[in-house]
file entry.txt (compact mmCIF, C-alpha atoms)
# COMPACT_ATOMS: atom_id res chain seq x y z
CA MET A 29 -9.93 8.85 14.39
CA SER A 30 -9.49 6.60 17.38
CA ASP A 31 -7.91 3.22 17.71
CA ASN A 32 -11.24 1.65 18.78
CA GLN A 33 -9.27 -0.78 20.96
CA SER A 34 -12.26 -1.50 23.23
CA ASN A 35 -14.43 -2.59 20.28
CA TRP A 36 -11.73 -4.60 18.53
CA ASP A 37 -12.39 -8.26 17.95
CA PRO A 38 -10.10 -9.74 15.26
CA LYS A 39 -12.46 -12.67 14.78
CA THR A 40 -15.40 -10.58 13.52
CA GLY A 41 -15.95 -10.39 9.76
CA LEU A 42 -15.75 -6.59 9.64
CA HIS A 43 -12.44 -6.43 11.45
CA ARG A 44 -10.97 -9.29 9.44
CA PHE A 45 -12.01 -7.55 6.22
CA TRP A 46 -10.24 -4.27 7.00
CA ILE A 47 -7.05 -6.09 7.98
CA LEU A 48 -7.19 -7.88 4.63
CA ALA A 49 -8.24 -4.74 2.73
CA VAL A 50 -4.70 -3.34 2.93
CA SER A 51 -3.72 -6.02 0.41
CA LEU A 52 -6.23 -4.60 -2.07
CA VAL A 53 -3.94 -1.67 -2.86
CA ILE A 54 -0.34 -2.86 -2.47
CA THR A 55 0.01 -4.25 -6.01
CA SER A 56 -1.68 -1.39 -7.85
CA GLY A 57 1.48 0.24 -9.20
CA THR A 58 1.05 -0.70 -12.84
CA ALA A 59 -2.69 -0.09 -13.02
CA ILE A 60 -2.17 2.95 -15.23
CA SER A 61 -0.18 1.07 -17.87
CA PRO A 62 -3.04 1.28 -20.41
CA ALA A 63 -2.68 5.07 -20.31
CA LEU A 64 0.93 4.97 -21.53
CA PRO A 65 0.19 5.11 -25.31
CA THR A 66 -1.89 8.25 -24.83
CA MET A 67 0.75 9.73 -22.56
CA GLN A 68 3.39 9.07 -25.21
CA LEU A 69 1.37 11.20 -27.63
CA THR A 70 1.04 13.98 -25.07
CA PHE A 71 4.74 13.90 -24.21
CA SER A 72 5.94 13.18 -27.73
CA SER A 73 8.99 15.43 -27.27
CA TYR A 74 10.31 13.06 -24.59
CA PRO A 75 11.81 9.59 -25.14
CA THR A 76 9.28 6.76 -25.05
CA THR A 77 11.35 4.97 -22.42
CA LEU A 78 11.04 7.98 -20.12
CA VAL A 79 7.25 8.05 -20.44
CA ASN A 80 7.06 4.30 -19.87
CA MET A 81 8.86 4.77 -16.57
CA VAL A 82 5.63 6.22 -15.19
CA ALA A 83 4.39 2.63 -14.77
CA THR A 84 7.60 1.23 -13.27
CA ILE A 85 9.66 3.90 -11.51
CA GLN A 86 7.79 3.35 -8.24
CA GLN A 87 9.52 -0.02 -7.93
CA VAL A 88 12.82 1.56 -6.87
CA PRO A 89 11.69 3.50 -3.77
CA ALA A 90 9.21 0.73 -2.93
CA PHE A 91 11.96 -1.85 -2.59
CA ILE A 92 14.30 0.47 -0.66
CA VAL A 93 11.68 1.59 1.87
CA LEU A 94 10.31 -1.94 2.22
CA LEU A 95 13.64 -3.05 3.68
CA PHE A 96 13.08 -0.72 6.65
CA SER A 97 9.32 -0.98 7.06
CA SER A 98 9.44 -3.45 9.94
CA GLN A 99 11.78 -1.21 11.95
CA LEU A 100 9.55 1.78 11.28
CA ALA A 101 6.50 -0.17 12.45
CA SER A 102 8.27 -1.25 15.63
CA LYS A 103 9.35 2.29 16.44
CA TYR A 104 6.33 4.36 15.41
CA GLY A 105 3.47 1.85 15.36
CA ILE A 106 2.34 -0.43 12.58
CA LYS A 107 -1.06 1.24 12.14
CA ARG A 108 0.58 4.64 11.80
CA ILE A 109 3.12 3.45 9.22
CA VAL A 110 0.52 1.56 7.16
CA GLY A 111 -1.80 4.57 7.35
CA ILE A 112 0.90 7.01 6.25
CA GLY A 113 1.92 4.63 3.48
CA MET A 114 -1.62 4.43 2.11
CA LEU A 115 -2.03 8.20 2.46
CA LEU A 116 1.11 8.75 0.37
CA MET A 117 -0.15 6.23 -2.18
CA GLY A 118 -3.52 7.92 -2.41
CA ILE A 119 -2.23 11.48 -2.72
CA ALA A 120 0.67 10.67 -5.05
CA GLY A 121 -1.46 8.22 -7.02
CA VAL A 122 -4.15 10.80 -7.80
CA ALA A 123 -1.75 13.76 -8.20
CA PRO A 124 -0.88 13.12 -11.90
CA ALA A 125 -4.54 13.79 -12.72
CA LEU A 126 -3.71 17.43 -12.02
CA LEU A 127 -0.24 17.50 -13.56
CA SER A 128 0.88 18.18 -17.11
CA ASN A 129 4.64 18.02 -16.57
CA ILE A 130 6.25 14.61 -17.08
CA TRP A 131 8.91 15.26 -14.44
CA LEU A 132 6.27 16.09 -11.83
CA VAL A 133 4.35 12.97 -12.80
CA LEU A 134 7.49 10.89 -12.28
CA LEU A 135 8.09 12.59 -8.93
CA ALA A 136 4.56 11.70 -7.87
CA ARG A 137 5.20 8.09 -8.88
CA LEU A 138 8.37 8.01 -6.78
CA ILE A 139 6.37 9.17 -3.76
CA PHE A 140 3.76 6.56 -4.61
CA GLY A 141 6.53 3.95 -4.43
CA ILE A 142 7.54 5.15 -0.97
CA GLY A 143 3.96 4.53 0.15
CA ILE A 144 4.03 1.03 -1.34
CA GLY A 145 7.26 0.26 0.49
CA MET A 146 5.79 1.41 3.81
CA THR A 147 2.69 -0.74 3.36
CA ASN A 148 3.58 -3.86 1.40
CA SER A 149 5.16 -6.32 3.81
CA LEU A 150 3.26 -4.87 6.77
CA ALA A 151 0.07 -6.24 5.25
CA ILE A 152 1.47 -9.64 6.24
CA THR A 153 2.85 -8.40 9.55
CA LEU A 154 -0.60 -7.18 10.60
CA ILE A 155 -1.94 -10.70 10.25
CA ASN A 156 1.03 -12.20 12.10
CA LEU A 157 0.50 -9.77 15.00
CA TYR A 158 -3.25 -10.13 15.41
CA TYR A 159 -3.73 -13.79 14.52
CA ASP A 160 -2.10 -17.12 15.25
CA GLY A 161 -2.63 -20.80 14.56
CA GLY A 162 -5.39 -21.72 12.15
CA ASP A 163 -6.77 -18.19 12.03
CA GLN A 164 -3.42 -16.88 10.89
CA ALA A 165 -3.08 -19.48 8.16
CA GLN A 166 -6.61 -18.75 6.94
CA MET A 167 -6.03 -14.98 6.93
CA LEU A 168 -2.76 -15.33 5.02
CA GLY A 169 -4.53 -17.42 2.40
CA GLU A 170 -7.37 -14.92 2.11
CA ARG A 171 -4.85 -12.07 1.88
CA SER A 172 -3.35 -13.69 -1.21
CA ALA A 173 -6.80 -13.62 -2.81
CA PHE A 174 -7.32 -9.95 -1.95
CA GLU A 175 -4.30 -8.79 -3.97
CA PRO A 176 -5.67 -9.78 -7.42
CA ILE A 177 -9.11 -8.50 -6.44
CA GLY A 178 -7.59 -5.10 -5.71
CA VAL A 179 -5.68 -5.14 -8.99
CA CYS A 180 -8.90 -5.92 -10.89
CA VAL A 181 -10.84 -3.13 -9.16
CA ILE A 182 -8.21 -0.44 -9.75
CA ASN A 183 -7.52 -1.63 -13.31
CA LEU A 184 -11.25 -1.47 -14.05
CA LEU A 185 -11.51 2.04 -12.64
CA ALA A 186 -8.41 3.16 -14.54
CA GLY A 187 -9.87 1.79 -17.77
CA LEU A 188 -13.16 3.58 -17.23
CA PHE A 189 -11.47 6.90 -16.48
CA LEU A 190 -9.09 6.48 -19.41
CA SER A 191 -12.05 7.03 -21.73
CA ILE A 192 -11.99 10.61 -20.45
CA SER A 193 -8.25 11.28 -20.59
CA TRP A 194 -4.93 9.76 -19.51
CA GLN A 195 -4.88 12.15 -16.57
CA ALA A 196 -8.30 10.99 -15.42
CA SER A 197 -7.08 7.38 -15.32
CA PHE A 198 -5.01 8.26 -12.24
CA LEU A 199 -8.23 9.02 -10.38
CA ALA A 200 -8.56 5.24 -10.01
CA TYR A 201 -6.13 5.54 -7.12
CA ALA A 202 -8.80 7.40 -5.13
CA PHE A 203 -9.94 3.88 -4.21
CA ILE A 204 -6.97 3.81 -1.83
CA PHE A 205 -8.61 6.50 0.31
CA VAL A 206 -11.64 4.24 0.81
CA VAL A 207 -9.38 1.49 2.12
CA LEU A 208 -7.43 3.96 4.26
CA VAL A 209 -10.52 5.36 5.98
CA GLY A 210 -11.98 1.93 6.71
CA PHE A 211 -8.66 0.58 7.98
CA TRP A 212 -7.99 3.59 10.19
CA LYS A 213 -11.44 3.60 11.74
CA VAL A 214 -11.62 -0.11 12.50
CA VAL A 215 -8.11 -1.44 13.16
CA PRO A 216 -6.47 -0.41 16.45
CA GLU A 217 -2.80 0.30 16.93
CA TYR A 218 -0.74 -2.69 18.02
CA HIS A 219 1.25 -1.83 21.13
CA PHE A 220 4.60 -3.57 21.09
CA SER A 221 6.06 -4.80 24.35
CA ARG A 222 9.46 -3.56 25.48
CA GLN A 223 10.95 -6.90 24.51
CA GLU A 224 9.55 -6.60 21.00
CA LYS A 225 10.86 -3.06 20.65
CA ARG A 226 14.29 -4.21 21.79
CA GLY A 227 14.20 -6.98 19.23
CA SER A 228 14.21 -10.00 21.53
CA ASP A 229 10.75 -11.00 20.31
CA ARG A 230 10.91 -9.52 16.84
CA VAL A 231 10.13 -12.85 15.25
CA LYS A 232 6.52 -11.66 15.09
CA LEU A 233 7.51 -8.82 12.81
CA SER A 234 7.48 -10.14 9.27
CA TRP A 235 10.83 -9.29 7.76
CA PRO A 236 10.05 -7.89 4.28
CA ILE A 237 11.82 -10.74 2.54
CA VAL A 238 8.85 -13.00 3.31
CA CYS A 239 6.77 -10.97 0.88
CA PRO A 240 7.32 -12.16 -2.67
CA LEU A 241 9.36 -9.69 -4.66
CA SER A 242 6.87 -9.85 -7.51
CA SER A 243 4.17 -8.34 -5.31
CA VAL A 244 6.45 -5.46 -4.37
CA VAL A 245 7.18 -4.23 -7.85
CA ARG A 246 3.83 -4.62 -9.61
call {"tool": "encode", "arguments": {"input": "entry.txt", "output": "structure tokens"}}
result
Amino acid sequence: MSDNQSNWDPKTGLHRFWILAVSLVITSGTAISPALPTMQLTFSSYPTTLVNMVATIQQVPAFIVLLFSSQLASKYGIKRIVGIGMLLMGIAGVAPALLSNIWLVLLARLIFGIGIGMTNSLAITLINLYYDGGDQAQMLGERSAFEPIGVCVINLLAGLFLSISWQASFLAYAFIFVVLVGFWKVVPEYHFSRQEKRGSDRVKLSWPIVCPLSSVVR
């Protein structure tokens, strides 16, 4: 899939939407919480606290990787890092639907957290790079609205699939692939200048601390 640089216009509705769409998936970590009671029955030989970690263990790698996401974006390209992050989230998010071992499920959730960490703060950085002034302020406000919309969509899907089985509830994360494909097709790579790569103009790169911690760990 190409960068589509020649067709890129950040002011068009389509392009604005796919920049904002990244925020639809970055707070989806706990969407499978309703499946925990059923999982506890399936894994009754394991401590309840261990099973409950399925909904929270992704917080640890997410926070660690988030601290380095800006440097990764500067070195390898922000589109590439966001794309890889969402790919990890999609694959690791859906993987438990095919797993019946609690340790493998937890491993998948750890990988899911890595994807969150690669994507979370860069959802803000994308806006800071492509927009400025009033457009930037508007996009940041709209981005805040996209997060709860994404949570509602994935929670709704997880609830619907939960009526089939706890494993099926993880299929809700397939929604991430929809966002990934749209983002990758529409949004071009941002080419950093030499000064930006050296750090003299890195003010445009949103240091992860600007992203509220609560949005990282949900």
call {"tool": "residues_around", "arguments": {"input": "entry.txt", "residues": "A:Asn183", "least_positions_apart": "5", "cutoff": "12 Å", "atoms": "all atoms listed in the file", "output": "NGL selection string"}}
result
:A and (52-53 or 55-63 or 176-178 or 188-190 or 197-201 or 203)
call {"tool": "closest_residue", "arguments": {"input": "entry.txt", "among": "A:Gln166, A:Thr40, A:Gln87, A:Thr147", "to": "A:Val214", "atoms": "all atoms listed in the file"}}
result
A:Thr40
call {"tool": "residues_around", "arguments": {"input": "entry.txt", "residues": "A:Val88", "least_positions_apart": "4", "cutoff": "12 Å", "atoms": "all atoms listed in the file", "output": "count of residues only"}}
result
22
call {"tool": "residues_around", "arguments": {"input": "entry.txt", "residues": "A:Leu100", "least_positions_apart": "2", "cutoff": "12 Å", "atoms": "all atoms listed in the file", "output": "PyMOL selection string"}}
result
chain A and resi 93-98+102-110+112-113+145-147+149-150+225+233+235-236
call {"tool": "atom_distance", "arguments": {"input": "entry.txt", "atom1": "atom CA of A:Ile192", "atom2": "atom CA of A:Asn129"}}
result
18.6 Å
call {"tool": "residues_around", "arguments": {"input": "entry.txt", "residues": "stretch 168-174 of chain A", "least_positions_apart": "6", "cutoff": "12 Å", "atoms": "all atoms listed in the file", "output": "PyMOL selection string"}}
result
chain A and resi 44-56+148-162+180-181+238-240+243
call {"tool": "atom_distance", "arguments": {"input": "entry.txt", "atom1": "atom CA of A:Ser72", "atom2": "atom CA of A:Trp131"}}
result
13.8 Å
call {"tool": "atom_distance", "arguments": {"input": "entry.txt", "atom1": "atom CA of A:Val207", "atom2": "atom CA of A:Pro38"}}
result
17.3 Å
call {"tool": "residues_around", "arguments": {"input": "entry.txt", "residues": "A:Ala136", "least_positions_apart": "6", "cutoff": "8 Å", "atoms": "all atoms listed in the file", "output": "PDB file with C-alpha atoms, in the coordinates of the input"}}
result
ATOM      1  CA  ALA A 120       0.670  10.670  -5.050  1.00  0.00           C
ATOM      2  CA  GLY A 121      -1.460   8.220  -7.020  1.00  0.00           C
ATOM      3  CA  ALA A 123      -1.750  13.760  -8.200  1.00  0.00           C
ATOM      4  CA  PRO A 124      -0.880  13.120 -11.900  1.00  0.00           C
TER       5      PRO A 124
END
